[in-house]
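Enquirer: After the structure tokens below, expect a handful of questions from me.
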Amino acid sequence: IHNVEEGSEFYKLFANNIIAKVPQMEKMGLYRMYINYFAPSEYAYFHTDGEGITFLYYPQNGWTLNDGGETQFYVKGTLYGITPEPNRMVMFDARLEHRATPFRDRHRFTVAIKYQ
């Protein structure tokens, strides 16, 4: 995990674009932004992010179906996966159980943006 410094151009880019697309986030307030990093074959545990809303952004190019790397959600006994298609962002309730899955043969990065 690498924290993104508040006030940096990177931070402002994400914060401004989220508010433009989801205006109600301005009422909640952004409290943390960081970059997740997973090595090939590194499996994460299911977890929650506490209260609020989490956004995950998938920056990597060249993803194909057999690469893996989805974000899995465990909801009422069923597992759902969001594929890490380039330039995709997913928004979810931070209380949902979720985890990252690794890419088969390269490192996986996501930008996590959290509102409360």
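If you're wondering about the labels, chains in the structure tokens are A, B, ... by order shown, residues count from 1 in each chain, ligands from 1 in order shown.
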Excluding same-chain residues fewer than 4 positions from A:Leu13, what lies within 12 Å of it counting only C-alpha atoms, as a ChimeraX atom specification?
Expert: /A:4,6-9,17-20,33,111,113
Enquirer: Just the residues within 7 Å of stretch 58-61 of chain A, please, counting only C-alpha atoms, with nothing from its chain fewer than 6 positions along; format it as a list in words.
Expert: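 The filter keeps Pro84, Glu85, Pro86, Asn87, Arg88, Met89, Phe109, Thr110 and Val111 of chain A.
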Enquirer: Take the residues just selected and output them with C-alpha atoms as a PDB file, in the first residue's frame.
Expert:
ATOM      1  CA  PRO A  84     -10.103  -5.209 -13.790  1.00  0.00           C
ATOM      2  CA  GLU A  85     -10.758  -3.829 -17.236  1.00  0.00           C
ATOM      3  CA  PRO A  86      -8.524  -0.836 -18.018  1.00  0.00           C
ATOM      4  CA  ASN A  87      -9.851   2.543 -16.860  1.00  0.00           C
ATOM      5  CA  ARG A  88     -12.750   0.951 -14.939  1.00  0.00           C
ATOM      6  CA  MET A  89     -13.843   2.242 -11.561  1.00  0.00           C
ATOM      7  CA  PHE A 109      -2.353  -2.209  -9.058  1.00  0.00           C
ATOM      8  CA  THR A 110      -5.547  -0.445  -8.014  1.00  0.00           C
ATOM      9  CA  VAL A 111      -6.217   3.014  -6.659  1.00  0.00           C
TER      10      VAL A 111
END
Enquirer: If you run DSSP over the backbone, which residues in chain A end up strand (DSSP E or B)? Put them as a PyMOL selection string.
Expert: chain A and resi 2-3+30-38+47+53-58+68+71-75+78-82+88-93+97-100+103+108-115
Enquirer: The selected residues should be written to file as a PDB file, in the first residue's frame (atoms: C-alpha atoms).
Expert:
ATOM      1  CA  HIS A   2       1.256   3.446  -0.927  1.00  0.00           C
ATOM      2  CA  ASN A   3      -0.683   6.432   0.449  1.00  0.00           C
ATOM      3  CA  LEU A  30     -12.782  11.804   1.095  1.00  0.00           C
ATOM      4  CA  TYR A  31     -10.672  10.530   3.992  1.00  0.00           C
ATOM      5  CA  ARG A  32      -8.087   8.235   2.412  1.00  0.00           C
ATOM      6  CA  MET A  33      -6.548   7.420  -0.978  1.00  0.00           C
ATOM      7  CA  TYR A  34      -3.838   4.862  -1.664  1.00  0.00           C
ATOM      8  CA  ILE A  35      -2.424   2.509  -4.275  1.00  0.00           C
ATOM      9  CA  ASN A  36      -2.794  -1.239  -3.706  1.00  0.00           C
ATOM     10  CA  TYR A  37      -0.095  -3.519  -5.057  1.00  0.00           C
ATOM     11  CA  PHE A  38      -0.214  -7.318  -5.407  1.00  0.00           C
ATOM     12  CA  HIS A  47     -12.133  -7.944   4.467  1.00  0.00           C
ATOM     13  CA  ILE A  53     -18.126   4.113   0.295  1.00  0.00           C
ATOM     14  CA  THR A  54     -15.050   2.709  -1.438  1.00  0.00           C
ATOM     15  CA  PHE A  55     -14.043   3.344  -5.041  1.00  0.00           C
ATOM     16  CA  LEU A  56     -11.471   1.123  -6.784  1.00  0.00           C
ATOM     17  CA  TYR A  57      -9.850   2.257 -10.012  1.00  0.00           C
ATOM     18  CA  TYR A  58      -8.108  -0.235 -12.343  1.00  0.00           C
ATOM     19  CA  GLY A  68      -7.253 -12.933 -13.450  1.00  0.00           C
ATOM     20  CA  THR A  71     -12.066  -7.964  -7.194  1.00  0.00           C
ATOM     21  CA  GLN A  72     -14.296 -10.536  -5.533  1.00  0.00           C
ATOM     22  CA  PHE A  73     -17.321  -9.670  -3.386  1.00  0.00           C
ATOM     23  CA  TYR A  74     -18.983 -12.134  -1.014  1.00  0.00           C
ATOM     24  CA  VAL A  75     -22.679 -11.276  -0.707  1.00  0.00           C
ATOM     25  CA  THR A  78     -22.553 -15.878  -3.360  1.00  0.00           C
ATOM     26  CA  LEU A  79     -19.232 -14.796  -4.822  1.00  0.00           C
ATOM     27  CA  TYR A  80     -19.263 -12.013  -7.437  1.00  0.00           C
ATOM     28  CA  GLY A  81     -16.273 -10.765  -9.424  1.00  0.00           C
ATOM     29  CA  ILE A  82     -15.539  -7.389 -11.009  1.00  0.00           C
ATOM     30  CA  ARG A  88     -12.750   0.951 -14.939  1.00  0.00           C
ATOM     31  CA  MET A  89     -13.843   2.242 -11.561  1.00  0.00           C
ATOM     32  CA  VAL A  90     -16.149   0.394  -9.183  1.00  0.00           C
ATOM     33  CA  MET A  91     -18.064   1.976  -6.287  1.00  0.00           C
ATOM     34  CA  PHE A  92     -19.319  -0.132  -3.372  1.00  0.00           C
ATOM     35  CA  ASP A  93     -20.517  -0.067   0.206  1.00  0.00           C
ATOM     36  CA  GLU A  97     -16.741  -8.413   2.238  1.00  0.00           C
ATOM     37  CA  HIS A  98     -14.262  -8.246  -0.663  1.00  0.00           C
ATOM     38  CA  ARG A  99     -10.749  -9.135  -1.738  1.00  0.00           C
ATOM     39  CA  ALA A 100      -8.317  -8.701  -4.594  1.00  0.00           C
ATOM     40  CA  PHE A 103      -2.858 -11.497 -12.000  1.00  0.00           C
ATOM     41  CA  ARG A 108      -1.721  -5.823 -10.020  1.00  0.00           C
ATOM     42  CA  PHE A 109      -2.353  -2.209  -9.058  1.00  0.00           C
ATOM     43  CA  THR A 110      -5.547  -0.445  -8.014  1.00  0.00           C
ATOM     44  CA  VAL A 111      -6.217   3.014  -6.659  1.00  0.00           C
ATOM     45  CA  ALA A 112      -8.477   2.909  -3.572  1.00  0.00           C
ATOM     46  CA  ILE A 113     -10.467   6.031  -2.722  1.00  0.00           C
ATOM     47  CA  LYS A 114     -12.489   6.018   0.505  1.00  0.00           C
ATOM     48  CA  TYR A 115     -15.325   8.266   1.624  1.00  0.00           C
TER      49      TYR A 115
END
Enquirer: Please, which residues of chain A, numbered as in this document, come out helix (DSSP H, G or I) from DSSP, as a list in words?
Expert: Glu9, Phe10, Tyr11, Lys12, Leu13, Phe14, Ala15, Asn16, Asn17, Ile18, Ile19, Ala20, Lys21, Met25, Glu26, Lys27, Met28, Leu65, Asn66 and Asp67 of chain A
